[in-house]
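model.csv (CSV, C-alpha atoms)
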```csv
chain,number,residue,atom,x,y,z
A,29,MET,CA,7.6,6.7,27.5
A,30,LYS,CA,9.0,6.5,24.0
A,31,LYS,CA,12.2,5.0,25.3
A,32,ILE,CA,10.3,2.2,27.1
A,33,VAL,CA,8.4,1.3,23.9
A,34,LEU,CA,11.6,1.3,21.9
A,35,ILE,CA,13.4,-0.9,24.4
A,36,SER,CA,10.4,-3.3,24.6
A,37,LEU,CA,10.3,-3.6,20.8
A,38,LEU,CA,14.0,-4.2,20.7
A,39,PHE,CA,13.7,-6.9,23.3
A,40,TYR,CA,10.9,-8.5,21.3
A,41,GLY,CA,13.0,-8.4,18.1
A,42,PHE,CA,16.0,-10.0,19.9
A,43,ALA,CA,13.8,-12.6,21.6
A,44,ALA,CA,12.2,-13.7,18.3
A,45,GLN,CA,15.6,-13.8,16.6
A,46,ALA,CA,17.0,-15.8,19.5
A,47,GLN,CA,14.2,-18.4,19.1
A,48,PHE,CA,14.9,-18.6,15.3
A,49,ASN,CA,18.6,-19.1,15.9
A,50,ALA,CA,18.1,-21.7,18.6
A,51,LEU,CA,15.8,-23.7,16.3
A,52,ALA,CA,18.3,-23.4,13.5
A,53,LYS,CA,21.0,-24.9,15.8
A,54,GLN,CA,18.8,-27.8,16.8
A,55,MET,CA,18.4,-28.9,13.2
A,56,ASN,CA,22.0,-30.2,12.9
A,57,LYS,CA,21.2,-33.2,10.7
A,58,ASP,CA,22.5,-34.7,7.5
A,59,CYS,CA,20.7,-33.8,4.3
A,60,THR,CA,20.6,-33.7,0.5
A,61,SER,CA,19.1,-31.1,-1.8
A,62,GLU,CA,16.2,-33.6,-2.4
A,63,SER,CA,15.6,-34.6,1.3
A,64,VAL,CA,15.1,-31.0,2.5
A,65,LEU,CA,11.8,-30.8,0.6
A,66,LYS,CA,10.5,-33.8,2.5
A,67,GLU,CA,11.6,-32.5,5.9
A,68,PRO,CA,8.6,-32.0,8.2
A,69,GLY,CA,7.6,-28.4,8.4
A,70,LYS,CA,8.0,-26.4,11.7
A,71,PHE,CA,6.1,-23.5,13.2
A,72,LEU,CA,7.7,-20.7,15.2
A,73,ASP,CA,5.5,-18.3,17.3
A,74,ALA,CA,7.3,-14.9,16.9
A,75,HIS,CA,4.6,-12.8,18.6
A,76,ILE,CA,5.9,-13.6,22.0
A,77,GLY,CA,3.6,-12.5,24.8
A,78,GLY,CA,1.1,-11.1,22.4
A,79,VAL,CA,3.5,-8.3,21.3
A,80,THR,CA,2.3,-6.5,18.2
A,81,GLY,CA,4.7,-4.8,15.8
A,82,GLY,CA,4.0,-1.7,13.7
A,83,GLY,CA,3.4,1.9,14.6
A,84,LYS,CA,0.9,2.6,17.3
A,85,GLU,CA,0.5,6.4,17.0
A,86,GLY,CA,-3.1,7.4,17.0
A,87,ILE,CA,-4.4,3.9,17.7
A,88,SER,CA,-6.2,3.5,21.0
A,89,SER,CA,-5.5,0.7,23.5
A,90,THR,CA,-9.0,-0.7,22.8
A,91,GLU,CA,-8.2,-0.8,19.1
A,92,ILE,CA,-4.9,-2.6,19.7
A,93,ALA,CA,-6.6,-5.1,22.0
A,94,ASN,CA,-9.3,-5.7,19.3
A,95,ALA,CA,-6.6,-6.1,16.7
A,96,GLN,CA,-4.7,-8.7,18.8
A,97,LYS,CA,-7.9,-10.6,19.4
A,98,MET,CA,-8.7,-10.8,15.7
A,99,MET,CA,-5.2,-11.8,14.7
A,100,GLY,CA,-5.4,-14.5,17.3
A,101,ALA,CA,-8.6,-15.6,15.7
A,102,PHE,CA,-6.9,-15.6,12.3
A,103,GLU,CA,-4.2,-17.9,13.7
A,104,ASN,CA,-6.8,-20.2,15.3
A,105,ILE,CA,-8.2,-20.8,11.8
A,106,ILE,CA,-4.7,-21.2,10.2
A,107,LYS,CA,-2.7,-23.4,12.6
A,108,PRO,CA,-4.9,-26.5,12.5
A,109,LYS,CA,-4.5,-26.5,8.7
A,110,LEU,CA,-0.8,-25.9,8.8
A,111,GLN,CA,0.5,-29.0,6.9
A,112,PHE,CA,3.6,-28.6,4.7
A,113,THR,CA,7.1,-29.9,4.3
A,114,GLY,CA,10.5,-28.3,3.5
A,115,GLY,CA,10.6,-25.2,5.7
A,116,LEU,CA,9.7,-23.1,8.7
A,117,ALA,CA,6.5,-21.0,9.2
A,118,LYS,CA,7.2,-18.0,11.4
A,119,ALA,CA,4.2,-16.0,12.7
A,120,SER,CA,3.9,-12.4,13.9
A,121,PHE,CA,1.3,-9.8,14.6
A,122,GLY,CA,1.4,-6.3,13.1
A,123,LEU,CA,-0.6,-3.0,13.0
A,124,ASN,CA,-0.8,-1.2,9.7
A,125,SER,CA,-1.2,2.4,8.7
A,126,LYS,CA,-4.6,3.9,9.4
A,127,ALA,CA,-7.1,3.0,6.6
A,128,TYR,CA,-10.2,4.9,5.6
A,129,TYR,CA,-13.2,3.3,3.9
A,130,ASN,CA,-14.8,6.5,2.4
A,131,GLN,CA,-14.7,8.7,5.5
A,132,PHE,CA,-15.0,5.8,8.0
A,133,TYR,CA,-11.8,5.0,9.8
A,134,ALA,CA,-11.0,1.3,10.0
A,135,CYS,CA,-8.2,-0.1,12.1
A,136,SER,CA,-6.0,-2.3,9.9
A,137,TYR,CA,-3.8,-5.2,11.1
A,138,THR,CA,-2.0,-8.2,9.7
A,139,TYR,CA,-1.3,-11.7,10.8
A,140,ASN,CA,2.0,-12.5,9.0
A,141,LEU,CA,3.2,-16.1,8.4
A,142,GLY,CA,6.6,-16.1,6.6
A,143,PHE,CA,7.8,-19.3,5.0
A,144,HIS,CA,11.5,-19.9,5.4
A,145,ALA,CA,12.9,-22.7,3.2
A,146,PHE,CA,15.1,-25.4,4.5
A,147,VAL,CA,18.3,-25.8,2.5
A,148,CYS,CA,21.2,-28.2,2.6
A,149,ASN,CA,24.6,-26.5,3.2
A,150,VAL,CA,26.7,-27.3,0.2
A,151,GLN,CA,29.9,-27.6,2.3
A,152,THR,CA,28.7,-29.4,5.5
A,153,HIS,CA,25.7,-31.2,4.0
A,154,LYS,CA,23.8,-30.2,7.1
A,155,LEU,CA,20.2,-28.9,7.3
A,156,ALA,CA,19.9,-25.1,7.6
A,157,ILE,CA,17.1,-22.5,7.5
A,158,VAL,CA,17.1,-19.5,5.1
A,159,ASP,CA,17.0,-16.3,7.1
A,160,GLU,CA,14.7,-14.4,4.8
A,161,TYR,CA,11.3,-15.7,3.6
A,162,GLN,CA,10.2,-15.6,0.0
A,163,GLY,CA,6.7,-17.0,0.5
A,164,VAL,CA,4.3,-15.4,2.9
A,165,LEU,CA,0.7,-15.7,4.0
A,166,ARG,CA,-0.8,-12.4,5.1
A,167,VAL,CA,-4.3,-12.3,6.6
A,168,ILE,CA,-5.2,-8.6,6.7
A,169,GLY,CA,-8.1,-7.2,8.6
A,170,ASN,CA,-9.4,-4.1,6.9
A,171,PRO,CA,-6.9,-4.0,4.0
A,172,SER,CA,-6.2,-0.8,2.0
A,173,PHE,CA,-6.8,-0.7,-1.7
A,174,GLN,CA,-4.8,1.4,-4.2
A,175,LYS,CA,-6.6,4.7,-4.8
A,176,ALA,CA,-7.2,6.0,-8.3
A,177,PHE,CA,-6.1,9.6,-7.4
A,178,ASN,CA,-3.3,10.1,-4.9
A,179,SER,CA,-2.1,13.6,-5.7
A,180,PHE,CA,-3.4,17.1,-5.3
A,181,GLY,CA,-2.1,20.6,-5.9
A,182,GLY,CA,-1.0,22.8,-2.9
A,183,ASN,CA,-1.6,22.2,0.7
A,184,ALA,CA,-2.9,18.7,1.5
A,185,ALA,CA,-5.0,19.9,4.5
A,186,ALA,CA,-7.3,21.9,2.1
A,187,TYR,CA,-8.6,18.6,0.8
A,188,LYS,CA,-9.4,17.0,4.2
A,189,ILE,CA,-12.6,16.7,6.1
A,190,PRO,CA,-13.1,19.2,7.7
A,191,ALA,CA,-11.2,21.6,5.4
A,192,ASN,CA,-7.8,22.6,6.7
A,193,SER,CA,-7.8,20.0,9.4
A,194,GLN,CA,-4.4,19.6,11.0
A,195,HIS,CA,-5.1,16.1,12.1
A,196,VAL,CA,-2.6,13.8,10.4
A,197,ASN,CA,-5.2,11.0,10.0
A,198,ALA,CA,-8.2,13.2,8.9
A,199,PRO,CA,-10.1,11.7,5.9
A,200,PHE,CA,-10.0,13.3,2.4
A,201,ILE,CA,-12.9,14.5,0.3
A,202,ALA,CA,-14.8,12.0,-1.9
A,203,ILE,CA,-12.9,12.1,-5.2
A,204,LEU,CA,-9.7,11.2,-3.3
A,205,ASN,CA,-11.4,8.0,-2.1
A,206,TYR,CA,-12.0,6.6,-5.6
A,207,TYR,CA,-10.6,3.3,-6.8
A,208,GLY,CA,-9.8,2.3,-10.4
A,209,PHE,CA,-9.9,-1.2,-11.8
A,210,ALA,CA,-8.8,-2.2,-15.3
A,211,ASP,CA,-10.3,-5.7,-14.9
A,212,SER,CA,-13.8,-6.4,-13.7
A,213,ARG,CA,-12.6,-9.8,-12.5
A,214,VAL,CA,-10.8,-8.1,-9.6
A,215,VAL,CA,-13.9,-6.2,-8.5
A,216,ASN,CA,-16.0,-9.3,-8.8
A,217,ALA,CA,-13.6,-11.3,-6.7
A,218,ILE,CA,-13.8,-8.7,-3.9
A,219,ASN,CA,-17.6,-8.3,-4.1
A,220,ASN,CA,-18.3,-12.0,-4.3
A,221,GLY,CA,-15.8,-13.0,-1.7
A,222,ASN,CA,-15.9,-16.7,-2.5
A,223,GLY,CA,-12.5,-17.8,-3.8
A,224,PHE,CA,-9.0,-17.1,-4.8
A,225,ILE,CA,-7.8,-14.9,-7.6
A,226,ASP,CA,-4.1,-14.5,-8.6
A,227,LEU,CA,-2.8,-11.0,-9.1
A,228,ASN,CA,0.5,-9.4,-10.0
A,229,ASN,CA,0.5,-7.1,-6.9
A,230,GLU,CA,0.0,-7.4,-3.2
A,231,GLN,CA,-2.4,-4.5,-3.1
A,232,ALA,CA,-5.5,-4.5,-5.4
A,233,GLY,CA,-6.6,-1.3,-7.3
A,234,ASN,CA,-5.3,1.1,-9.9
A,235,LEU,CA,-1.9,-0.4,-10.3
A,236,SER,CA,-1.9,-2.3,-13.6
A,237,SER,CA,-3.9,-2.6,-16.9
A,238,PHE,CA,-3.4,-6.4,-16.7
A,239,PRO,CA,-3.5,-7.4,-13.0
A,240,VAL,CA,-4.9,-10.9,-13.3
A,241,ILE,CA,-2.6,-13.9,-13.6
A,242,GLU,CA,-3.9,-17.2,-15.0
A,243,ASN,CA,-2.6,-20.7,-14.7
A,244,LYS,CA,-2.6,-22.4,-18.0
A,245,PRO,CA,-1.9,-26.2,-18.4
A,246,GLY,CA,1.5,-26.7,-20.0
A,247,LYS,CA,2.5,-23.1,-19.7
A,248,GLY,CA,2.2,-22.3,-16.1
A,249,TYR,CA,1.4,-18.9,-14.6
A,250,GLY,CA,1.2,-15.8,-16.9
A,251,ILE,CA,-0.7,-12.8,-18.1
A,252,ASN,CA,-2.7,-12.5,-21.4
A,253,PHE,CA,-1.7,-9.4,-23.2
A,254,PRO,CA,-3.8,-8.2,-26.2
A,255,ASN,CA,-0.8,-7.8,-28.5
A,256,SER,CA,1.8,-10.2,-27.3
A,257,GLY,CA,-0.5,-13.1,-26.1
A,258,PHE,CA,0.2,-15.2,-23.0
A,259,VAL,CA,3.4,-14.2,-21.2
A,260,THR,CA,4.6,-16.5,-18.4
A,261,VAL,CA,5.6,-15.1,-15.0
A,262,ASN,CA,6.8,-18.4,-13.5
A,263,ASN,CA,10.0,-16.7,-12.1
A,264,ASP,CA,8.1,-13.7,-10.6
A,265,PHE,CA,6.0,-13.3,-7.5
A,266,VAL,CA,2.3,-14.2,-7.8
A,267,TYR,CA,-0.1,-12.9,-5.2
A,268,ARG,CA,-3.0,-15.2,-4.5
A,269,HIS,CA,-5.8,-13.3,-2.9
A,270,ALA,CA,-9.1,-14.3,-1.3
A,271,PHE,CA,-11.1,-11.2,-0.4
A,272,ILE,CA,-13.6,-12.1,2.4
A,273,THR,CA,-16.6,-9.9,2.3
A,274,HIS,CA,-20.3,-9.9,3.1
A,275,ASN,CA,-21.2,-11.4,-0.3
A,276,GLU,CA,-24.9,-10.6,-0.1
A,277,ILE,CA,-24.0,-6.9,-0.7
A,278,PRO,CA,-21.3,-5.4,-2.9
A,279,PHE,CA,-18.3,-3.9,-1.2
A,280,PHE,CA,-17.4,-1.7,-4.3
A,281,ILE,CA,-20.1,0.1,-6.4
A,282,PRO,CA,-19.5,2.0,-9.6
A,283,ILE,CA,-18.9,5.8,-9.7
A,284,THR,CA,-21.3,7.4,-12.2
A,285,ARG,CA,-20.3,10.2,-14.4
A,286,LYS,CA,-22.7,12.4,-12.5
A,287,LYS,CA,-21.1,11.7,-9.2
A,288,PHE,CA,-17.7,12.1,-10.6
A,289,LEU,CA,-18.5,15.6,-12.0
A,290,GLN,CA,-20.2,16.7,-8.7
A,291,ASP,CA,-17.2,15.5,-6.7
A,292,MET,CA,-14.9,17.2,-9.2
A,293,LEU,CA,-16.6,20.5,-8.6
A,294,GLU,CA,-16.0,20.0,-4.9
A,295,TYR,CA,-12.3,19.3,-5.7
A,296,TYR,CA,-12.0,22.5,-7.7
A,297,ASP,CA,-13.4,24.5,-4.8
A,298,ARG,CA,-10.9,22.9,-2.4
A,299,GLU,CA,-8.1,23.5,-4.9
A,300,LYS,CA,-8.5,27.3,-4.4
A,301,MET,CA,-7.9,26.8,-0.7
A,302,GLY,CA,-4.9,24.6,-1.4
A,303,ILE,CA,-3.1,26.5,-4.0
A,304,VAL,CA,-4.1,30.2,-3.7
A,305,PRO,CA,-2.4,30.9,-0.3
A,306,LEU,CA,0.9,29.3,-1.6
A,307,LEU,CA,0.7,31.5,-4.8
A,308,GLU,CA,0.0,34.6,-2.7
A,309,GLU,CA,3.1,33.8,-0.6
A,310,LYS,CA,5.1,33.5,-3.8
A,311,VAL,CA,3.8,36.8,-5.0
A,312,LYS,CA,4.8,38.4,-1.7
A,313,ASN,CA,8.3,37.0,-2.0
A,314,LYS,CA,8.5,38.2,-5.6
A,315,ILE,CA,9.0,34.7,-7.0
A,316,ALA,CA,9.3,34.7,-10.8
A,317,HIS,CA,6.0,34.4,-12.7
A,318,ALA,CA,4.0,34.2,-9.4
A,319,GLU,CA,1.7,37.1,-10.2
A,320,LEU,CA,0.9,35.7,-13.7
A,321,ASN,CA,0.4,32.2,-12.3
A,322,LEU,CA,-2.0,33.5,-9.7
A,323,LYS,CA,-4.0,35.5,-12.3
A,324,GLU,CA,-4.2,32.5,-14.6
A,325,PHE,CA,-5.0,30.1,-11.8
A,326,TYR,CA,-8.4,31.8,-11.3
A,327,GLU,CA,-9.1,31.8,-15.0
A,328,VAL,CA,-8.2,28.1,-15.4
A,329,ASN,CA,-10.1,27.1,-12.2
A,330,ALA,CA,-13.2,28.9,-13.5
A,331,ARG,CA,-12.8,27.2,-16.9
A,332,LYS,CA,-12.4,23.7,-15.3
A,333,LYS,CA,-15.5,24.2,-13.2
A,334,ALA,CA,-17.5,25.4,-16.3
A,335,THR,CA,-16.5,22.2,-18.2
A,336,ALA,CA,-17.8,20.0,-15.4
A,337,GLN,CA,-21.0,22.1,-14.8
A,338,ASN,CA,-21.8,22.2,-18.5
A,339,LEU,CA,-21.7,18.4,-18.7
A,340,LEU,CA,-23.9,18.1,-15.6
A,341,THR,CA,-26.4,20.6,-17.1
A,342,ASN,CA,-26.5,19.5,-20.7
A,343,LYS,CA,-26.1,15.7,-20.7
A,344,ASP,CA,-29.1,13.5,-20.2
A,345,GLU,CA,-29.6,11.1,-17.3
A,346,LYS,CA,-28.7,8.0,-19.3
A,347,TRP,CA,-25.3,9.5,-20.2
A,348,LEU,CA,-24.7,10.8,-16.6
A,349,ASN,CA,-25.5,7.5,-15.1
A,350,HIS,CA,-22.9,5.6,-17.1
A,351,GLN,CA,-19.9,4.5,-15.1
A,352,ALA,CA,-17.0,6.9,-15.1
A,353,VAL,CA,-13.9,5.5,-16.8
A,354,ILE,CA,-10.5,7.2,-17.0
A,355,PRO,CA,-7.6,6.3,-19.3
A,356,GLY,CA,-4.6,4.4,-18.0
A,357,ASP,CA,-2.3,7.2,-19.1
A,358,ASN,CA,-4.6,9.9,-17.7
A,359,LYS,CA,-4.8,11.8,-21.0
A,360,ALA,CA,-8.0,13.4,-19.9
A,361,PHE,CA,-6.1,15.0,-17.0
A,362,VAL,CA,-3.0,16.3,-18.9
A,363,VAL,CA,-1.5,19.5,-17.5
A,364,PRO,CA,0.1,21.7,-20.2
A,365,THR,CA,3.8,22.4,-19.9
A,366,ASP,CA,5.9,25.5,-20.4
A,367,SER,CA,9.7,25.4,-20.5
A,368,ASN,CA,9.9,28.8,-19.0
A,369,ARG,CA,7.7,28.3,-15.9
A,370,TYR,CA,6.0,25.7,-13.8
A,371,LEU,CA,2.3,25.4,-14.8
A,372,GLY,CA,1.3,23.0,-12.0
A,373,ASP,CA,0.5,26.1,-9.9
A,374,VAL,CA,-1.9,27.2,-12.7
A,375,TYR,CA,-3.6,23.9,-13.6
A,376,GLY,CA,-3.4,22.0,-10.4
A,377,ASN,CA,-3.5,18.2,-10.6
A,378,PHE,CA,-6.9,17.8,-12.3
A,379,TYR,CA,-7.5,19.3,-15.7
A,380,PHE,CA,-10.5,17.2,-16.7
A,381,THR,CA,-11.7,17.5,-20.3
A,382,GLU,CA,-13.6,14.4,-21.1
A,383,PHE,CA,-14.4,10.8,-20.1
A,384,TYR,CA,-12.6,7.9,-21.6
A,385,THR,CA,-14.6,5.6,-23.9
A,386,GLY,CA,-12.0,3.1,-25.1
A,387,THR,CA,-11.5,-0.5,-24.0
A,388,GLU,CA,-8.3,-0.2,-21.8
A,389,GLY,CA,-9.4,2.3,-19.2
A,390,PHE,CA,-9.8,2.1,-15.4
A,391,SER,CA,-13.4,1.9,-14.3
A,392,LEU,CA,-14.0,4.0,-11.2
A,393,TYR,CA,-15.6,2.6,-8.0
A,394,GLN,CA,-16.2,3.7,-4.4
A,395,ILE,CA,-16.7,1.6,-1.3
A,396,ASN,CA,-20.5,1.0,-0.9
A,397,PRO,CA,-21.9,3.3,1.9
A,398,GLU,CA,-24.6,0.6,2.5
A,399,TYR,CA,-22.0,-2.0,3.1
A,400,LEU,CA,-20.3,0.2,5.7
A,401,LYS,CA,-23.5,0.3,7.7
A,402,LYS,CA,-22.6,-3.2,8.8
A,403,TYR,CA,-19.3,-1.8,10.1
A,404,PRO,CA,-19.8,0.9,12.8
A,405,PRO,CA,-16.9,3.4,13.2
A,406,ASN,CA,-14.1,1.7,15.3
A,407,GLY,CA,-15.8,-1.7,14.9
A,408,ALA,CA,-14.3,-4.5,17.0
A,409,LYS,CA,-14.3,-6.8,14.0
A,410,PRO,CA,-13.1,-6.3,10.4
A,411,ALA,CA,-15.3,-5.1,7.6
A,412,VAL,CA,-13.3,-7.1,5.1
A,413,VAL,CA,-10.4,-9.6,5.3
A,414,ASP,CA,-7.7,-10.2,2.6
A,415,VAL,CA,-6.2,-13.7,2.8
A,416,MET,CA,-3.0,-13.3,0.6
A,417,TYR,CA,-0.3,-15.8,-0.2
A,418,ARG,CA,2.8,-14.7,-2.1
A,419,PHE,CA,4.7,-17.4,-4.0
A,420,LYS,CA,6.9,-18.1,-7.0
A,421,PRO,CA,5.5,-20.8,-9.4
A,422,ASN,CA,9.0,-22.1,-10.0
A,423,ASP,CA,9.7,-22.6,-6.3
A,424,ASN,CA,9.0,-26.2,-5.3
A,425,PHE,CA,8.9,-25.4,-1.6
A,426,LEU,CA,6.4,-22.5,-2.0
A,427,MET,CA,4.2,-24.5,-4.4
A,428,GLY,CA,4.1,-27.3,-2.0
A,429,VAL,CA,2.9,-24.9,0.8
A,430,LYS,CA,0.3,-23.6,-1.6
A,431,GLU,CA,-1.1,-27.1,-2.5
A,432,SER,CA,-1.0,-28.7,0.9
A,433,PHE,CA,-2.0,-25.7,3.1
A,434,ILE,CA,-3.2,-22.5,1.3
A,435,ASP,CA,-5.6,-24.2,-1.1
A,436,GLN,CA,-7.0,-26.2,1.8
A,437,LEU,CA,-8.1,-23.2,3.9
A,438,ASN,CA,-11.8,-22.9,4.5
A,439,LEU,CA,-12.6,-19.3,3.6
A,440,ASP,CA,-16.0,-19.4,5.3
A,441,GLU,CA,-14.3,-19.6,8.6
A,442,PHE,CA,-12.8,-16.2,8.0
A,443,ARG,CA,-16.2,-14.8,6.9
A,444,LYS,CA,-17.6,-15.7,10.4
A,445,LEU,CA,-15.1,-13.1,11.8
A,446,LEU,CA,-16.6,-10.1,9.9
A,447,GLN,CA,-18.4,-7.3,11.7
```
Translate this structure into structure tokens?
Amino acid sequence: MKKIVLISLLFYGFAAQAQFNALAKQMNKDCTSESVLKEPGKFLDAHIGGVTGGGKEGISSTEIANAQKMMGAFENIIKPKLQFTGGLAKASFGLNSKAYYNQFYACSYTYNLGFHAFVCNVQTHKLAIVDEYQGVLRVIGNPSFQKAFNSFGGNAAAYKIPANSQHVNAPFIAILNYYGFADSRVVNAINNGNGFIDLNNEQAGNLSSFPVIENKPGKGYGINFPNSGFVTVNNDFVYRHAFITHNEIPFFIPITRKKFLQDMLEYYDREKMGIVPLLEEKVKNKIAHAELNLKEFYEVNARKKATAQNLLTNKDEKWLNHQAVIPGDNKAFVVPTDSNRYLGDVYGNFYFTEFYTGTEGFSLYQINPEYLKKYPPNGAKPAVVDVMYRFKPNDNFLMGVKESFIDQLNLDEFRKLLQ
């Protein structure tokens, strides 16, 4: 069966490339470096016969059919607005890695529209198409967001639901489903779902202390840094996002200190399941320092739990209901080091001591459980859509696509496709 899938995907790839090459040969016309930007744009359907790229392991035939239907719906919104010059737009369908919103599985898929620039061959002065695209429109159903915490000590299965599940796509416990945002404008853009925001990364979340890019008259695109001021990024990629959500209810809600501490206690219990068996195996195999590490692990784990429990017990409700904030450099989670032995086995990945109270931290959020009530497990439609356009501000072709096509999209048409 695997051979058949491989052969069909290879055939799909060859067929799409053959279409691309055939179109390139047809465009045998004289040009100049100025005329190529005015050349009427072309569209190439590279999802021949509805073929969908990407891994299909663990994704049911019903989910694949739903994904294809929604990607077709994305294209039906996009194609009538596809007005641009100077290049070729090449479309394809693709499945993404499985995404979890809290513990709810959401099938994720992408309608990909790559923009290949026309160029004038410097020797023949004939029109040609650049093989690789720089600009791209990606419409993602159920996109993933960068998690605040991606690491854990010991066996990963210990942190899954249910504990020690061997299912590769089993969800993780609550604290591993947190998201960190340094700039409230990003969270507001997702929750409000009513316009574009320019970011410095394709995936939103705990990636940068300064994720938002601004377009200033006379200066172009750049980032405002507290110490160095406005720094332009005109030669870099800019990621123009429109997050389409049910804007009458927030998609992200704050994590309180109380919830953080409660979920941290759960993490510390799971940490025993994840690390102790590995330490016991090291003791059995007489690995250096293993016995000492095992003894100290229990002591440190108890101390960590006591720190969290004391805060829950002794702090008032006002303090506990404040939003949890972590520092960008994770100083509140520093694990001590020892040149003679590895202390990760002793302290794990979380050694929480205090909350951050400065001005440059990452505020923690979770996906709103009430929002997800609109999206039943394995829903046929997406819970959220990310309309993302990648471009370079100094690229005339990509800026032309942005102005004549991207900025003209009606985002409300995508909202009608939500579950």
Using all atoms listed in the file, determine which residues lie at most 12 Å from stretch 427-431 of chain A, disregarding the query and same-chain residues fewer than 5 positions distant; provide the list as a PDB file with C-alpha atoms, keeping the file's coordinate frame.
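Wrote it out as out.pdb, contents follow:
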```pdb
ATOM      1  CA  LEU A  65      11.800 -30.800   0.600  1.00  0.00           C
ATOM      2  CA  LYS A  66      10.500 -33.800   2.500  1.00  0.00           C
ATOM      3  CA  PRO A  68       8.600 -32.000   8.200  1.00  0.00           C
ATOM      4  CA  GLY A  69       7.600 -28.400   8.400  1.00  0.00           C
ATOM      5  CA  LYS A 109      -4.500 -26.500   8.700  1.00  0.00           C
ATOM      6  CA  LEU A 110      -0.800 -25.900   8.800  1.00  0.00           C
ATOM      7  CA  GLN A 111       0.500 -29.000   6.900  1.00  0.00           C
ATOM      8  CA  PHE A 112       3.600 -28.600   4.700  1.00  0.00           C
ATOM      9  CA  THR A 113       7.100 -29.900   4.300  1.00  0.00           C
ATOM     10  CA  GLY A 114      10.500 -28.300   3.500  1.00  0.00           C
ATOM     11  CA  GLY A 115      10.600 -25.200   5.700  1.00  0.00           C
ATOM     12  CA  LEU A 116       9.700 -23.100   8.700  1.00  0.00           C
ATOM     13  CA  ALA A 117       6.500 -21.000   9.200  1.00  0.00           C
ATOM     14  CA  LEU A 141       3.200 -16.100   8.400  1.00  0.00           C
ATOM     15  CA  GLY A 142       6.600 -16.100   6.600  1.00  0.00           C
ATOM     16  CA  PHE A 143       7.800 -19.300   5.000  1.00  0.00           C
ATOM     17  CA  HIS A 144      11.500 -19.900   5.400  1.00  0.00           C
ATOM     18  CA  ALA A 145      12.900 -22.700   3.200  1.00  0.00           C
ATOM     19  CA  GLN A 162      10.200 -15.600   0.000  1.00  0.00           C
ATOM     20  CA  GLY A 163       6.700 -17.000   0.500  1.00  0.00           C
ATOM     21  CA  VAL A 164       4.300 -15.400   2.900  1.00  0.00           C
ATOM     22  CA  LEU A 165       0.700 -15.700   4.000  1.00  0.00           C
ATOM     23  CA  PHE A 224      -9.000 -17.100  -4.800  1.00  0.00           C
ATOM     24  CA  TYR A 249       1.400 -18.900 -14.600  1.00  0.00           C
ATOM     25  CA  ASN A 262       6.800 -18.400 -13.500  1.00  0.00           C
ATOM     26  CA  PHE A 265       6.000 -13.300  -7.500  1.00  0.00           C
ATOM     27  CA  VAL A 266       2.300 -14.200  -7.800  1.00  0.00           C
ATOM     28  CA  TYR A 267      -0.100 -12.900  -5.200  1.00  0.00           C
ATOM     29  CA  ARG A 268      -3.000 -15.200  -4.500  1.00  0.00           C
ATOM     30  CA  MET A 416      -3.000 -13.300   0.600  1.00  0.00           C
ATOM     31  CA  TYR A 417      -0.300 -15.800  -0.200  1.00  0.00           C
ATOM     32  CA  ARG A 418       2.800 -14.700  -2.100  1.00  0.00           C
ATOM     33  CA  PHE A 419       4.700 -17.400  -4.000  1.00  0.00           C
ATOM     34  CA  LYS A 420       6.900 -18.100  -7.000  1.00  0.00           C
ATOM     35  CA  PRO A 421       5.500 -20.800  -9.400  1.00  0.00           C
ATOM     36  CA  ASN A 422       9.000 -22.100 -10.000  1.00  0.00           C
ATOM     37  CA  GLN A 436      -7.000 -26.200   1.800  1.00  0.00           C
ATOM     38  CA  LEU A 437      -8.100 -23.200   3.900  1.00  0.00           C
TER      39      LEU A 437
END
```
Counting all atoms listed in the file, the option among A:Ala316, A:Val353, A:Val413, A:Ile303 closest to A:Asp373: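 The answer is A:Ile303, which sits nearest to A:Asp373.
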Atom CA of A:Ile241 to atom CA of A:Val261, distance in Å rounded to a single decimal: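 These atoms are spaced 8.4 Å apart.
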Length of the atom CA of A:Gly208 to atom CA of A:Tyr393 vector [Å]: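 Pair atom CA of A:Gly208 / atom CA of A:Tyr393 returns 6.3 Å.
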Extract, using all atoms listed in the file, all DNA, RNA and protein residues at most 10 Å from A:Asn94, discarding same-chain residues fewer than 3 positions from it, and format them as a PDB file with C-alpha atoms, keeping the file's coordinate frame.
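Result saved to around_14.pdb:
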```
ATOM      1  CA  SER A  88      -6.200   3.500  21.000  1.00  0.00           C
ATOM      2  CA  SER A  89      -5.500   0.700  23.500  1.00  0.00           C
ATOM      3  CA  THR A  90      -9.000  -0.700  22.800  1.00  0.00           C
ATOM      4  CA  GLU A  91      -8.200  -0.800  19.100  1.00  0.00           C
ATOM      5  CA  LYS A  97      -7.900 -10.600  19.400  1.00  0.00           C
ATOM      6  CA  MET A  98      -8.700 -10.800  15.700  1.00  0.00           C
ATOM      7  CA  MET A  99      -5.200 -11.800  14.700  1.00  0.00           C
ATOM      8  CA  GLY A 100      -5.400 -14.500  17.300  1.00  0.00           C
ATOM      9  CA  CYS A 135      -8.200  -0.100  12.100  1.00  0.00           C
ATOM     10  CA  TYR A 137      -3.800  -5.200  11.100  1.00  0.00           C
ATOM     11  CA  ASN A 406     -14.100   1.700  15.300  1.00  0.00           C
ATOM     12  CA  GLY A 407     -15.800  -1.700  14.900  1.00  0.00           C
ATOM     13  CA  ALA A 408     -14.300  -4.500  17.000  1.00  0.00           C
ATOM     14  CA  LYS A 409     -14.300  -6.800  14.000  1.00  0.00           C
ATOM     15  CA  PRO A 410     -13.100  -6.300  10.400  1.00  0.00           C
TER      16      PRO A 410
END
```
